[in-house]
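S.K.: Provided below: my_file35.cif, containing mmCIF, C-alpha atoms and all ligand atoms.
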data_input
#
loop_
_atom_site.label_atom_id
_atom_site.label_comp_id
_atom_site.auth_asym_id
_atom_site.auth_seq_id
_atom_site.Cartn_x
_atom_site.Cartn_y
_atom_site.Cartn_z
CA MET U 1 -6.24 30.56 42.81
CA GLU U 2 -6.77 27.83 45.35
CA PHE U 3 -6.86 24.31 44.04
CA GLU U 4 -6.88 21.02 45.89
CA HIS U 5 -7.63 17.51 44.69
CA SER U 6 -10.62 15.72 46.19
CA GLU U 7 -10.15 13.19 49.00
CA LYS U 8 -10.80 10.37 46.53
CA VAL U 9 -7.98 11.58 44.26
CA GLN U 10 -5.60 12.21 47.16
CA ALA U 11 -6.17 8.63 48.36
CA LEU U 12 -5.44 7.29 44.86
CA GLN U 13 -2.33 9.46 44.59
CA ALA U 14 -1.05 7.97 47.85
CA ARG U 15 -1.73 4.40 46.70
CA VAL U 16 -0.12 4.88 43.26
CA GLU U 17 2.87 6.59 44.87
CA ALA U 18 3.27 3.74 47.40
CA PHE U 19 3.11 1.16 44.59
CA MET U 20 5.79 3.05 42.67
CA VAL U 21 8.07 3.08 45.70
CA GLU U 22 7.50 -0.55 46.62
CA HIS U 23 7.32 -2.22 43.20
CA ILE U 24 8.31 -0.01 40.25
CA TYR U 25 11.43 1.97 41.17
CA PRO U 26 13.30 -0.97 42.79
CA ASN U 27 12.67 -3.08 39.68
CA GLU U 28 13.60 -0.58 36.96
CA GLU U 29 17.11 -1.90 36.41
CA GLU U 30 15.94 -5.49 36.24
CA LEU U 31 13.20 -4.54 33.79
CA PHE U 32 15.73 -2.93 31.45
CA ALA U 33 17.98 -5.98 31.85
CA GLN U 34 15.16 -8.35 30.90
CA VAL U 35 14.40 -6.31 27.75
CA ASN U 36 18.04 -6.32 26.72
CA GLU U 37 18.47 -10.05 26.99
CA GLY U 38 16.90 -12.02 24.18
CA ASN U 39 14.08 -10.87 21.91
CA ARG U 40 13.07 -7.34 22.88
CA TRP U 41 9.61 -7.72 21.35
CA GLN U 42 8.61 -10.50 23.71
CA PRO U 43 6.63 -9.66 26.86
CA VAL U 44 8.89 -8.80 29.80
CA PRO U 45 8.30 -11.45 32.52
CA LEU U 46 8.87 -9.07 35.47
CA LEU U 47 6.47 -6.52 34.01
CA GLU U 48 3.78 -9.20 33.80
CA THR U 49 4.31 -9.90 37.52
CA LEU U 50 4.00 -6.18 38.33
CA LYS U 51 0.79 -5.97 36.27
CA ALA U 52 -0.74 -8.76 38.34
CA LYS U 53 0.25 -6.95 41.55
CA ALA U 54 -1.22 -3.62 40.39
CA ARG U 55 -4.42 -5.34 39.38
CA THR U 56 -4.73 -7.08 42.76
CA ALA U 57 -4.08 -3.72 44.45
CA GLY U 58 -7.02 -2.20 42.52
CA LEU U 59 -4.72 0.19 40.66
CA TRP U 60 -5.79 -0.94 37.22
CA ASN U 61 -7.42 0.76 34.20
CA LEU U 62 -7.43 4.08 36.01
CA PHE U 63 -7.72 5.94 32.70
CA LEU U 64 -11.29 5.04 31.68
CA PRO U 65 -13.83 7.77 32.46
CA GLU U 66 -17.51 7.10 33.22
CA SER U 67 -17.74 3.76 31.41
CA GLY U 68 -18.26 1.17 34.10
CA TYR U 69 -15.07 -0.58 33.01
CA GLY U 70 -12.46 1.57 34.75
CA ALA U 71 -11.99 3.93 37.68
CA GLY U 72 -14.50 6.47 36.36
CA LEU U 73 -12.15 9.42 36.86
CA THR U 74 -12.43 12.72 35.02
CA ASN U 75 -9.35 14.04 33.20
CA LEU U 76 -8.77 16.43 36.09
CA GLU U 77 -8.80 13.50 38.54
CA TYR U 78 -6.68 11.22 36.35
CA ALA U 79 -4.00 13.81 35.48
CA PRO U 80 -2.24 13.79 38.91
CA LEU U 81 -2.02 9.98 38.70
CA CYS U 82 -0.39 10.26 35.25
CA GLU U 83 2.07 12.69 36.79
CA ILE U 84 3.15 9.96 39.22
CA MET U 85 3.07 7.09 36.71
CA GLY U 86 5.04 9.16 34.22
CA ARG U 87 8.08 9.11 36.49
CA SER U 88 9.02 5.64 35.25
CA PRO U 89 8.86 4.36 31.66
CA TRP U 90 7.52 1.06 33.05
CA ALA U 91 4.74 2.33 35.27
CA PRO U 92 1.95 3.11 32.78
CA GLU U 93 2.00 -0.43 31.41
CA ALA U 94 2.18 -1.90 34.93
CA PHE U 95 -1.09 -0.10 35.74
CA ASN U 96 -2.60 -0.94 32.31
CA CYS U 97 -2.67 2.78 31.58
CA SER U 98 -0.26 2.97 28.65
CA ALA U 99 -0.80 4.54 25.26
CA PRO U 100 -1.91 3.63 22.71
CA ASP U 101 -3.92 0.90 24.46
CA THR U 102 -5.77 3.51 26.52
CA GLY U 103 -7.10 5.44 23.51
CA ASN U 104 -7.89 2.26 21.61
CA MET U 105 -9.85 0.87 24.57
CA GLU U 106 -11.84 4.10 24.76
CA VAL U 107 -12.76 3.73 21.08
CA LEU U 108 -13.94 0.16 21.72
CA VAL U 109 -15.91 1.22 24.81
CA ARG U 110 -17.67 3.99 22.92
CA TYR U 111 -18.19 2.48 19.46
CA GLY U 112 -17.46 -1.26 19.62
CA THR U 113 -20.16 -3.85 19.04
CA PRO U 114 -20.69 -6.43 21.82
CA GLU U 115 -18.72 -8.95 19.72
CA GLN U 116 -15.80 -6.55 19.19
CA ARG U 117 -15.76 -5.68 22.87
CA GLN U 118 -15.62 -9.33 23.80
CA ARG U 119 -12.86 -10.07 21.29
CA TRP U 120 -10.57 -7.07 21.91
CA LEU U 121 -11.76 -4.81 24.69
CA GLU U 122 -11.92 -7.49 27.37
CA PRO U 123 -8.40 -8.86 26.72
CA LEU U 124 -7.05 -5.29 26.49
CA LEU U 125 -8.71 -4.39 29.80
CA ALA U 126 -7.18 -7.54 31.29
CA GLY U 127 -3.72 -6.55 29.95
CA GLU U 128 -3.51 -9.77 27.92
CA ILE U 129 -3.10 -8.27 24.42
CA ARG U 130 -1.66 -5.00 23.08
CA SER U 131 -2.77 -2.57 20.38
CA ALA U 132 -1.22 0.09 18.15
CA PHE U 133 -1.95 3.52 16.71
CA ALA U 134 -0.55 3.99 13.22
CA MET U 135 -0.61 7.58 12.00
CA THR U 136 2.92 8.44 10.85
CA GLU U 137 3.76 7.83 7.18
CA PRO U 138 7.13 7.75 5.44
CA GLU U 139 6.39 10.03 2.47
CA VAL U 140 4.72 12.99 4.20
CA ALA U 141 5.23 15.32 7.17
CA SER U 142 3.03 13.40 9.56
CA SER U 143 2.77 15.89 12.41
CA ASP U 144 0.02 17.52 10.30
CA ALA U 145 -2.82 15.00 10.05
CA THR U 146 -4.18 16.67 6.90
CA ASN U 147 -1.11 15.37 5.04
CA ILE U 148 -1.94 11.73 5.66
CA GLU U 149 -2.08 9.78 2.40
CA THR U 150 -3.67 6.54 3.61
CA ARG U 151 -7.12 6.16 2.11
CA ILE U 152 -10.15 4.37 3.48
CA ARG U 153 -12.89 3.19 1.14
CA ARG U 154 -16.13 1.44 1.95
CA ASP U 155 -16.71 -1.88 0.19
CA ALA U 156 -20.08 -3.43 1.16
CA ASP U 157 -19.71 -4.38 4.84
CA GLN U 158 -15.97 -3.80 4.88
CA TYR U 159 -13.60 -0.86 4.73
CA ILE U 160 -10.52 -1.13 2.51
CA ILE U 161 -7.54 0.70 3.97
CA ASN U 162 -4.64 1.43 1.61
CA GLY U 163 -1.49 3.03 2.86
CA CYS U 164 1.94 2.73 4.38
CA LYS U 165 2.69 3.45 8.04
CA TRP U 166 5.85 3.40 10.12
CA TRP U 167 7.07 4.25 13.61
CA THR U 168 4.12 2.34 15.01
CA SER U 169 4.85 1.69 18.68
CA GLY U 170 4.07 -1.81 19.82
CA ALA U 171 3.27 -3.20 16.36
CA LEU U 172 5.91 -5.89 16.69
CA ASP U 173 4.78 -7.08 20.10
CA PRO U 174 3.52 -10.62 19.42
CA ARG U 175 0.45 -9.84 21.56
CA CYS U 176 -0.50 -6.84 19.37
CA GLU U 177 -3.79 -7.86 17.75
CA ILE U 178 -5.39 -4.62 16.69
CA ALA U 179 -4.21 -1.30 15.23
CA ARG U 180 -5.93 2.03 14.75
CA PRO U 181 -4.72 3.47 11.44
CA GLN U 182 -6.98 6.50 11.39
CA GLY U 183 -9.78 8.11 13.34
CA ASP U 184 -12.01 5.56 15.01
CA LEU U 185 -11.32 2.72 12.61
CA LEU U 186 -9.57 -0.36 13.90
CA GLY U 187 -7.86 -2.99 11.77
CA TYR U 188 -6.99 -6.49 12.88
CA LEU U 189 -3.37 -7.48 12.93
CA GLY U 190 -2.68 -11.02 11.85
CA THR U 191 -4.26 -13.34 9.35
CA THR U 192 -7.29 -11.24 8.44
CA GLY U 193 -5.84 -7.81 8.91
CA LEU U 194 -2.86 -5.55 8.65
CA VAL U 195 0.53 -6.84 7.63
CA ARG U 196 3.03 -6.73 10.44
CA GLY U 197 6.35 -5.29 9.33
CA ARG U 198 9.91 -5.42 10.54
CA HIS U 199 11.95 -3.49 13.05
CA GLN U 200 14.80 -1.28 11.90
CA LEU U 201 17.54 -0.04 14.14
CA ARG U 202 18.09 3.70 13.82
CA ARG U 203 21.43 5.40 14.16
CA GLY U 204 22.21 6.90 17.56
CA GLY U 205 21.17 3.95 19.72
CA ASP U 206 17.80 2.37 19.92
CA LYS U 207 16.45 3.05 23.36
CA ALA U 208 13.49 4.62 21.60
CA ALA U 209 13.62 2.23 18.68
CA ARG U 210 12.78 -0.56 21.07
CA LEU U 211 9.25 0.80 20.93
CA LEU U 212 9.01 1.00 17.20
CA GLY U 213 7.73 -1.22 14.52
CA GLU U 214 8.36 -0.29 10.95
CA PRO U 215 5.71 -1.93 8.85
CA LYS U 216 6.68 -2.31 5.22
CA ARG U 217 4.17 -1.66 2.47
CA MET U 218 0.84 -2.48 3.96
CA HIS U 219 -2.12 -2.90 1.68
CA ARG U 220 -4.70 -3.47 4.24
CA ARG U 221 -8.09 -4.90 4.66
CA GLY U 222 -9.56 -3.46 7.79
CA HIS U 223 -12.98 -3.87 9.33
CA ALA U 224 -14.84 -0.85 10.61
CA LEU U 225 -16.22 -0.58 14.08
C1 LIG U 301 9.53 6.73 20.29
C2 LIG U 301 8.56 7.09 19.20
C3 LIG U 301 7.37 6.41 19.13
C4 LIG U 301 6.45 6.72 18.11
N1 LIG U 301 5.27 6.03 18.06
C5 LIG U 301 4.39 6.29 17.11
C6 LIG U 301 3.16 5.57 17.01
O1 LIG U 301 2.86 4.70 17.81
N2 LIG U 301 2.30 5.85 16.00
C7 LIG U 301 2.58 6.82 15.09
O2 LIG U 301 1.75 7.02 14.21
N3 LIG U 301 3.75 7.53 15.13
C8 LIG U 301 4.65 7.29 16.11
N4 LIG U 301 5.83 7.98 16.17
C9 LIG U 301 6.13 8.98 15.16
C10 LIG U 301 5.86 10.44 15.63
O3 LIG U 301 4.57 10.59 16.16
C11 LIG U 301 6.10 11.33 14.41
O4 LIG U 301 7.48 11.44 14.36
C12 LIG U 301 5.42 12.66 14.51
O5 LIG U 301 4.04 12.52 14.21
C13 LIG U 301 6.09 13.67 13.57
O6 LIG U 301 5.90 13.31 12.24
P1 LIG U 301 7.15 13.31 11.19
O7 LIG U 301 8.20 12.41 11.74
O8 LIG U 301 6.61 13.03 9.83
O9 LIG U 301 7.77 14.76 11.27
P2 LIG U 301 7.31 16.06 10.44
O10 LIG U 301 5.84 16.15 10.36
O11 LIG U 301 8.08 16.08 9.15
O12 LIG U 301 7.83 17.21 11.37
C14 LIG U 301 9.22 17.43 11.63
C15 LIG U 301 9.39 18.75 12.34
O13 LIG U 301 8.99 19.82 11.47
C16 LIG U 301 7.95 20.56 12.06
N5 LIG U 301 6.99 20.91 10.99
C17 LIG U 301 6.30 20.05 10.21
N6 LIG U 301 5.54 20.72 9.31
C18 LIG U 301 5.75 22.04 9.55
C19 LIG U 301 5.25 23.23 8.97
N7 LIG U 301 4.38 23.21 7.94
N8 LIG U 301 5.67 24.41 9.49
C20 LIG U 301 6.54 24.44 10.53
N9 LIG U 301 7.06 23.35 11.10
C21 LIG U 301 6.66 22.15 10.63
C22 LIG U 301 7.31 19.69 13.10
O14 LIG U 301 6.72 20.44 14.17
C23 LIG U 301 8.53 18.90 13.61
O15 LIG U 301 9.24 19.62 14.57
C24 LIG U 301 6.76 7.72 17.16
C25 LIG U 301 7.96 8.41 17.24
C26 LIG U 301 8.87 8.10 18.24
C27 LIG U 301 10.17 8.83 18.30
#
Show me this structure written as structure tokens.
M.R.:
Amino acid sequence: MEFEHSEKVQALQARVEAFMVEHIYPNEEELFAQVNEGNRWQPVPLLETLKAKARTAGLWNLFLPESGYGAGLTNLEYAPLCEIMGRSPWAPEAFNCSAPDTGNMEVLVRYGTPEQRQRWLEPLLAGEIRSAFAMTEPEVASSDATNIETRIRRDADQYIINGCKWWTSGALDPRCEIARPQGDLLGYLGTTGLVRGRHQLRRGGDKAARLLGEPKRMHRRGHAL
């Protein structure tokens, strides 16, 4: 079978690749160094600089299909760019294409009210805040979503979310304002929303644990989109 990417995609591949060579790969060591000094949950200054450069270069929010907010690529067109970005753990965030922000932004684009879009979608699209996806639970085998014990109940114009989540990437980032506990429901982190938990170091080094938040018991009040 013959398969070739379109000229548009080939041009984007070349630009993403060039950005990786010029800005991402030479800075990887320094990025790790900045994470390892001080509070690992704080934004990494060098990464913020790289985000600004990627945005200026027009390599920003490449993930959003047909919405008017992003590059308007299909999955087939976006996949080869992910292949390039995936070569460095830092690259997806530098291009504002990192999970779970990408999926959460798509939910806001599709189902958010104008007010919700203004409050969360716009700062997420600008790379100013972060978001989380909280599926995994401590008491059940969480790779099967039918096991999930968290319950959502409607209460007038609110949804009450009761449950306990852990291994939630990004939850301890101070910029993390919104979390998706289940389906297309988003809960606010902070004063009106979900309780932020604490980080626990796991045995065997914590290269991965750097990404993890471990929320303690969270009896949540979430608001539905
Ligand atoms: C770096 C990192 C970041 C993470 N970030 C997030 C996050 O942001 N949000 C989040 O919600 N979670 C996150 N997780 C958690 C991860 O998604 C879960 O570990 C995953 O969903 C598996 O769930 P579990 O740990 O309960 O394992 P289990 O569901 O207990 O599965 C353990 C193993 O048993 C197998 N297994 C399970 N049930 C069966 C069965 N019935 N038959 C045969 N085999 C079975 C599974 O395939 C797997 O290999 C993160 C994990 C890591 C390491």
S.K.: Point out the residue among U:Asp101, U:Glu122, U:Glu29, U:Asp157 with the least atom-to-atom distance to Ile178 of chain U, counting only C-alpha atoms.
M.R.: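 Using only C-alpha atoms, Ile178 of chain U sits closest to U:Asp101.
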S.K.: Around ligand LIG 301 (chain U), at most 6 Å away and counting all atoms listed in the file, which residues are there? Put them as a count of residues only, please.
M.R.: 15
S.K.: Expressed in Å to a single decimal, how great is the separation between atom CA of Thr102 of chain U and atom CA of Phe63 of chain U?
M.R.: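 Value for the atom CA of Thr102 of chain U-atom CA of Phe63 of chain U distance: 6.9 Å.
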S.K.: Considering all atoms listed in the file, return as a ChimeraX atom specification whatever protein or nucleic-acid residues lie within 6 Å of segment 74-86 of chain U, sequence-local ones (same chain, fewer than 4 positions apart) excluded.
M.R.: /U:13,65,91-92
S.K.: Find the residue from U:His5, U:Arg154, U:Arg130, U:Arg117 that sits nearest to Asp173 of chain U; use only C-alpha atoms when measuring.
M.R.: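 Of U:His5, U:Arg154, U:Arg130, U:Arg117, the one nearest Asp173 of chain U, counting only C-alpha atoms, is U:Arg130.
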S.K.: To one decimal place, how far is atom CA of Arg55 of chain U from atom CA of Ala71 of chain U in Å?
M.R.: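 These two atoms are separated by 12.1 Å.
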S.K.: Show me the residues around (-5.5, 2.9, 6.4) - criterion: an atom at most 6 Å away, all atoms listed in the file counted - as a list in words.
M.R.: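 Every residue inside that radius is included here: Thr150, Arg151, Ile152, Ile161, Asn162, Gly163 and Pro181 of chain U.
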S.K.: Just checking: using only C-alpha atoms, which residue out of U:Leu108, U:Cys97, U:Leu46, U:Leu64 ends up closest to His23 of chain U?
M.R.: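 Looking at the shortest contact to His23 of chain U, the residue is U:Leu46.
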S.K.: Here is a test: counting all atoms listed in the file, which residue of U:Ser88, U:Asn96, U:Ser67, U:Thr113 is nearest to Ala54 of chain U?
M.R.: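 Going through U:Ser88, U:Asn96, U:Ser67, U:Thr113 one by one, the smallest distance to Ala54 of chain U is for U:Asn96.
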S.K.: U:Leu12, U:Leu31, U:Ile160, U:Val109: which is nearest Pro43 of chain U, counting all atoms listed in the file?
M.R.: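 Of all the options, U:Leu31 lies closest to Pro43 of chain U.
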S.K.: Please, what is the axis-aligned box for every listed atom of segment 99-112 of chain U with 5 Å on each side, as centre and edge lengths in Å to one decimal, as AutoDock Vina command-line options?
M.R.:
--center_x -9.5 --center_y 2.1 --center_z 23.0 --size_x 27.4 --size_y 16.7 --size_z 17.1
S.K.: Using Å and a single decimal, report how far atom CA of Ala57 of chain U sits from atom CA of Ala14 of chain U.
M.R.: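 So the two atoms, atom CA of Ala14 of chain U and atom CA of Ala57 of chain U, lie 12.5 Å apart.
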S.K.: What would the list of residues within 9 Å of (1.5, -8.6, 26.2) (file frame) look like as a list in words, if all atoms listed in the file are what count?
M.R.: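 Answer for this query, in the requested form: Gln42, Pro43, Val44, Glu48, Gly127, Glu128, Ile129, Arg130, Asp173, Pro174, Arg175 and Cys176 of chain U.
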S.K.: Between U:Lys165, U:Ala156, U:Arg180, U:Lys53, which residue has the minimum interatomic distance to Met105 of chain U, considering all atoms listed in the file?
M.R.: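 Selected residue with least distance to Met105 of chain U: U:Arg180.
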